[in-house]
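S.K.: Mind having a look at this structure? Questions to follow.
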Amino acid sequence: MSPARPAGASRLATYFHVHLVSDSTGETLNAMAKAVTARFDGVIPIEHIYALVRSDKQMDRVLGEVAAAPGVVLHTIVDRELRAQLEEGCRALDMPHIGALDPLVGALSRYLGAALSTRVGAQHTLDHDYFNRISALDYAMAHDDGQGTAEQLEGADVVLVGVSRTSKTPTCIYLAHRGVRAANVPLVPGQEDGERLVGLKNPLVVGLTVSPDRLVQIRRNRLEGLNATHASAYVEPDAVRDETIKAKRAFERRGWPTIDVTRRSVEETAAAILNLLTERRSHRVGASW
């Protein structure tokens, strides 16, 4: 009997085919598949994405692809006949098939006592929320990297402030896709310390912090990507440490909530900001996340 492998020991990755079948854009299904497979160590999915599947002929092609690369089938098909075609085809091929939204839809249907809509791509209709997201995206681009006067920044829901390379811009873009109007202002030594944001009344001002060591690494990678490797205070460890300390003190002095982005993804930073916005509406903004 071979000895058990110690916990945490490395092993070869397991590859498997996953077929994502959607009658809409497939974005929801793709995100769900990534979230689930990320829960398994050493498992790497080979994704086959079939979007806008809305006819018998298209479904036949999907089933042909599934037969050629056996694996798991995840779907969000709404049309009953197309769904039956897919499920019958999977049973004939002895392939597992899962309606990704079924548990949630079923639970909500029982709770609400409401009939289900069979309208394809209902979440992508050109409704008020859609145009609000587009408007928020336009706002984020127009008020990126310190653009806009204090008066113009009053139109924001949130203003992110921090030293260079603290993921301000990508976080604003991500928030815009959630319908949040976000602007960002960089703290530049000797030029901008956030003073013009002190008098803002409408937006929530959030300070982004990062560890000096991590910031030096990010900035060096940035300069290498631009083929600009000359030494400067921008990447000098002591100067960067002093810059981050001054930023933290400025946030504390002005009572702005702060988020440490050192080990956070953009999505996690945005989630923390959304929590702060929710708490602000409840008049319970905390000091940091």
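Ligands are numbered from 1 in the order shown, chains are lettered A, B, ... in the order of the structure tokens, and residues start at 1 in each chain.
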Please provide as a list in words all residues within 12 Å of segment 99-103 of chain A, with the sequence filter that same-chain residues fewer than 4 positions apart are discarded (counting only C-alpha atoms).
M.R.: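 The neighbour list is His19, Leu20, Val21, Ser22, Gly26, Thr28, Leu29, Asn30, Ala31, Met32, Ala33, Val36, Val72, Val73, Leu74, His75, Thr76, Ile77, Val78, Arg83, Ala84, Leu86, Glu87, Ala107, Leu108, Ser109, Arg110 and Leu116 of chain A.
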S.K.: When DSSP is applied to the backbone of this structure, which of segment 44-260 of chain A are assigned alpha helix (DSSP H)? Write them out as a PyMOL selection string.
M.R.: chain A and resi 56-68+80-93+102-112+128-142+150-153+168-176+212-225+237-254
S.K.: Identify, on the basis of only C-alpha atoms, every residue whose closest approach to segment 161-178 of chain A does not exceed 7 Å; exclude the query and any residue fewer than 4 positions from it along the same chain; express the result as a list of chain:residue names.
M.R.: A:Arg133, A:Ala136, A:Leu137, A:Ala140, A:Asp144, A:Ala182, A:Ala183, A:Asn184, A:Val185, A:Pro186, A:Leu187, A:Val188, A:Val206, A:Gly207, A:Leu208, A:Thr209, A:Val210, A:Arg219, A:Ala247, A:Val261, A:Val266, A:Ala270
S.K.: Give the answer as one residue: which of A:Gly225, A:Pro45, A:Gly155, A:Pro189 has the shortest atom-to-atom distance to Asp242 of chain A, using only C-alpha atoms?
M.R.: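 Ranking A:Gly225, A:Pro45, A:Gly155, A:Pro189 by distance to Asp242 of chain A, first place goes to A:Pro189.
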S.K.: Of the candidates A:Arg263, A:His17, A:Arg222, A:Arg61, which shows the shortest atom-to-atom distance to Glu47 of chain A, using only C-alpha atoms?
M.R.: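 Checking each candidate against Glu47 of chain A, we get A:His17 as the closest.
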S.K.: Using DSSP secondary structure from the backbone, list all strand (DSSP E) positions within segment 57-188 of chain A, as an NGL selection string.
M.R.: :A and (71-75 or 97-99 or 158-163 or 182-187)
S.K.: Find the residues near Leu204 of chain A: any atom within 12 Å, counting only C-alpha atoms, skip ones fewer than 4 places away on the same chain, and give them as a PyMOL selection string.
M.R.: chain A and resi 153-161+180-184+197-200+255-258+273-281+283+285-286
S.K.: Can you work out which one of A:Leu12, A:Val216, A:Cys90, A:Ala115 has the shortest atom-to-atom distance to Tyr234 of chain A, counting only C-alpha atoms?
M.R.: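 Looking only at the distances to Tyr234 of chain A, the closest residue turns out to be A:Val216.
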S.K.: Measuring between only C-alpha atoms, which one of A:Met141, A:Glu243, A:Ile46, A:Tyr130 shows the shortest distance to Phe16 of chain A?
M.R.: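 The answer is A:Ile46, which sits nearest to Phe16 of chain A.
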S.K.: Name all residues at most 8 Å from Val235 of chain A (count only C-alpha atoms; drop same-chain ones fewer than 2 positions away) and give them as a PyMOL selection string.
M.R.: chain A and resi 216+219-220+231-233+237+239-240
S.K.: Name the residues in contact with Ile44 of chain A at a cut-off of 10 Å, using only C-alpha atoms, excluding same-chain residues fewer than 2 positions from it; report them as a PyMOL selection string.
M.R.: chain A and resi 13-18+34+37-38+40-42+46-47
S.K.: Export all heavy atoms of the chosen residues as a short mmCIF file (atom, residue, chain, number, x, y, z; two decimals), in the first residue's frame?
M.R.:
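After the write, selection.cif holds the following:
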data_model
loop_
_atom_site.label_atom_id
_atom_site.label_comp_id
_atom_site.auth_asym_id
_atom_site.auth_seq_id
_atom_site.Cartn_x
_atom_site.Cartn_y
_atom_site.Cartn_z
N ALA A 13 -2.08 18.27 -12.86
CA ALA A 13 -3.39 18.88 -13.07
C ALA A 13 -4.33 17.92 -13.78
O ALA A 13 -3.91 17.09 -14.59
CB ALA A 13 -3.23 20.16 -13.88
N THR A 14 -5.61 18.02 -13.46
CA THR A 14 -6.65 17.22 -14.10
C THR A 14 -7.39 18.11 -15.09
O THR A 14 -7.95 19.14 -14.71
CB THR A 14 -7.65 16.69 -13.07
OG1 THR A 14 -6.96 15.84 -12.14
CG2 THR A 14 -8.76 15.89 -13.75
N TYR A 15 -7.36 17.73 -16.35
CA TYR A 15 -8.05 18.48 -17.39
C TYR A 15 -9.39 17.80 -17.70
O TYR A 15 -9.48 16.57 -17.68
CB TYR A 15 -7.21 18.55 -18.66
CG TYR A 15 -5.95 19.38 -18.54
CD1 TYR A 15 -4.79 18.83 -18.00
CD2 TYR A 15 -5.93 20.71 -18.95
CE1 TYR A 15 -3.64 19.59 -17.87
CE2 TYR A 15 -4.78 21.47 -18.84
CZ TYR A 15 -3.64 20.90 -18.30
OH TYR A 15 -2.50 21.66 -18.18
N PHE A 16 -10.39 18.60 -17.98
CA PHE A 16 -11.67 18.02 -18.41
C PHE A 16 -12.39 19.00 -19.31
O PHE A 16 -12.18 20.22 -19.23
CB PHE A 16 -12.53 17.64 -17.20
CG PHE A 16 -13.17 18.82 -16.51
CD1 PHE A 16 -14.51 19.11 -16.69
CD2 PHE A 16 -12.43 19.64 -15.66
CE1 PHE A 16 -15.10 20.20 -16.06
CE2 PHE A 16 -13.01 20.72 -15.02
CZ PHE A 16 -14.35 21.00 -15.22
N HIS A 17 -13.23 18.48 -20.18
CA HIS A 17 -14.01 19.31 -21.09
C HIS A 17 -15.28 19.77 -20.41
O HIS A 17 -15.97 18.99 -19.75
CB HIS A 17 -14.38 18.52 -22.35
CG HIS A 17 -13.21 18.15 -23.20
ND1 HIS A 17 -12.59 19.03 -24.05
CD2 HIS A 17 -12.52 16.97 -23.32
CE1 HIS A 17 -11.59 18.44 -24.67
NE2 HIS A 17 -11.52 17.18 -24.24
N VAL A 18 -15.59 21.05 -20.55
CA VAL A 18 -16.85 21.57 -20.05
C VAL A 18 -17.50 22.36 -21.18
O VAL A 18 -16.89 23.26 -21.76
CB VAL A 18 -16.66 22.44 -18.78
CG1 VAL A 18 -15.70 23.59 -19.04
CG2 VAL A 18 -18.00 22.96 -18.29
N LYS A 34 -16.47 29.39 -14.08
CA LYS A 34 -15.16 29.77 -13.53
C LYS A 34 -15.18 29.78 -12.02
O LYS A 34 -14.23 29.36 -11.35
CB LYS A 34 -14.74 31.14 -14.07
CG LYS A 34 -14.37 31.14 -15.55
CD LYS A 34 -13.86 32.50 -15.99
CE LYS A 34 -13.56 32.52 -17.49
NZ LYS A 34 -12.57 31.52 -17.90
N THR A 37 -15.27 25.95 -10.82
CA THR A 37 -14.04 25.20 -11.04
C THR A 37 -12.88 25.75 -10.22
O THR A 37 -11.94 25.01 -9.90
CB THR A 37 -13.64 25.18 -12.53
OG1 THR A 37 -13.56 26.53 -13.03
CG2 THR A 37 -14.67 24.42 -13.35
N ALA A 38 -12.96 27.03 -9.85
CA ALA A 38 -11.90 27.61 -9.02
C ALA A 38 -11.87 27.00 -7.63
O ALA A 38 -10.87 27.13 -6.91
CB ALA A 38 -12.08 29.13 -8.92
N PHE A 40 -11.74 23.90 -6.99
CA PHE A 40 -11.02 22.63 -7.04
C PHE A 40 -9.55 22.86 -7.37
O PHE A 40 -9.22 23.46 -8.39
CB PHE A 40 -11.64 21.70 -8.09
CG PHE A 40 -13.08 21.35 -7.80
CD1 PHE A 40 -14.12 22.13 -8.29
CD2 PHE A 40 -13.40 20.23 -7.04
CE1 PHE A 40 -15.44 21.82 -8.03
CE2 PHE A 40 -14.72 19.91 -6.77
CZ PHE A 40 -15.74 20.70 -7.26
N ASP A 41 -8.67 22.40 -6.51
CA ASP A 41 -7.24 22.54 -6.75
C ASP A 41 -6.79 21.56 -7.83
O ASP A 41 -7.20 20.39 -7.83
CB ASP A 41 -6.45 22.25 -5.47
CG ASP A 41 -6.66 23.32 -4.41
OD1 ASP A 41 -6.93 24.47 -4.80
OD2 ASP A 41 -6.58 22.99 -3.21
N GLY A 42 -5.93 22.03 -8.72
CA GLY A 42 -5.35 21.15 -9.73
C GLY A 42 -6.31 20.70 -10.80
O GLY A 42 -6.05 19.72 -11.50
N ILE A 46 -11.30 22.68 -19.87
CA ILE A 46 -11.14 23.04 -21.27
C ILE A 46 -12.52 23.50 -21.74
O ILE A 46 -13.42 22.68 -21.94
CB ILE A 46 -10.63 21.85 -22.11
CG1 ILE A 46 -9.30 21.35 -21.56
CG2 ILE A 46 -10.50 22.25 -23.59
CD1 ILE A 46 -8.83 20.06 -22.22
N GLU A 47 -12.70 24.80 -21.87
CA GLU A 47 -14.02 25.34 -22.12
C GLU A 47 -14.41 25.34 -23.59
O GLU A 47 -13.61 25.70 -24.45
CB GLU A 47 -14.10 26.77 -21.58
CG GLU A 47 -13.96 26.88 -20.07
CD GLU A 47 -14.06 28.31 -19.59
OE1 GLU A 47 -14.00 29.23 -20.43
OE2 GLU A 47 -14.20 28.51 -18.37
#
S.K.: Pick the closest to Ile245 of chain A from A:Ser211, A:Asn202, A:Val43, A:Leu63: which is it, counting only C-alpha atoms?
M.R.: A:Ser211
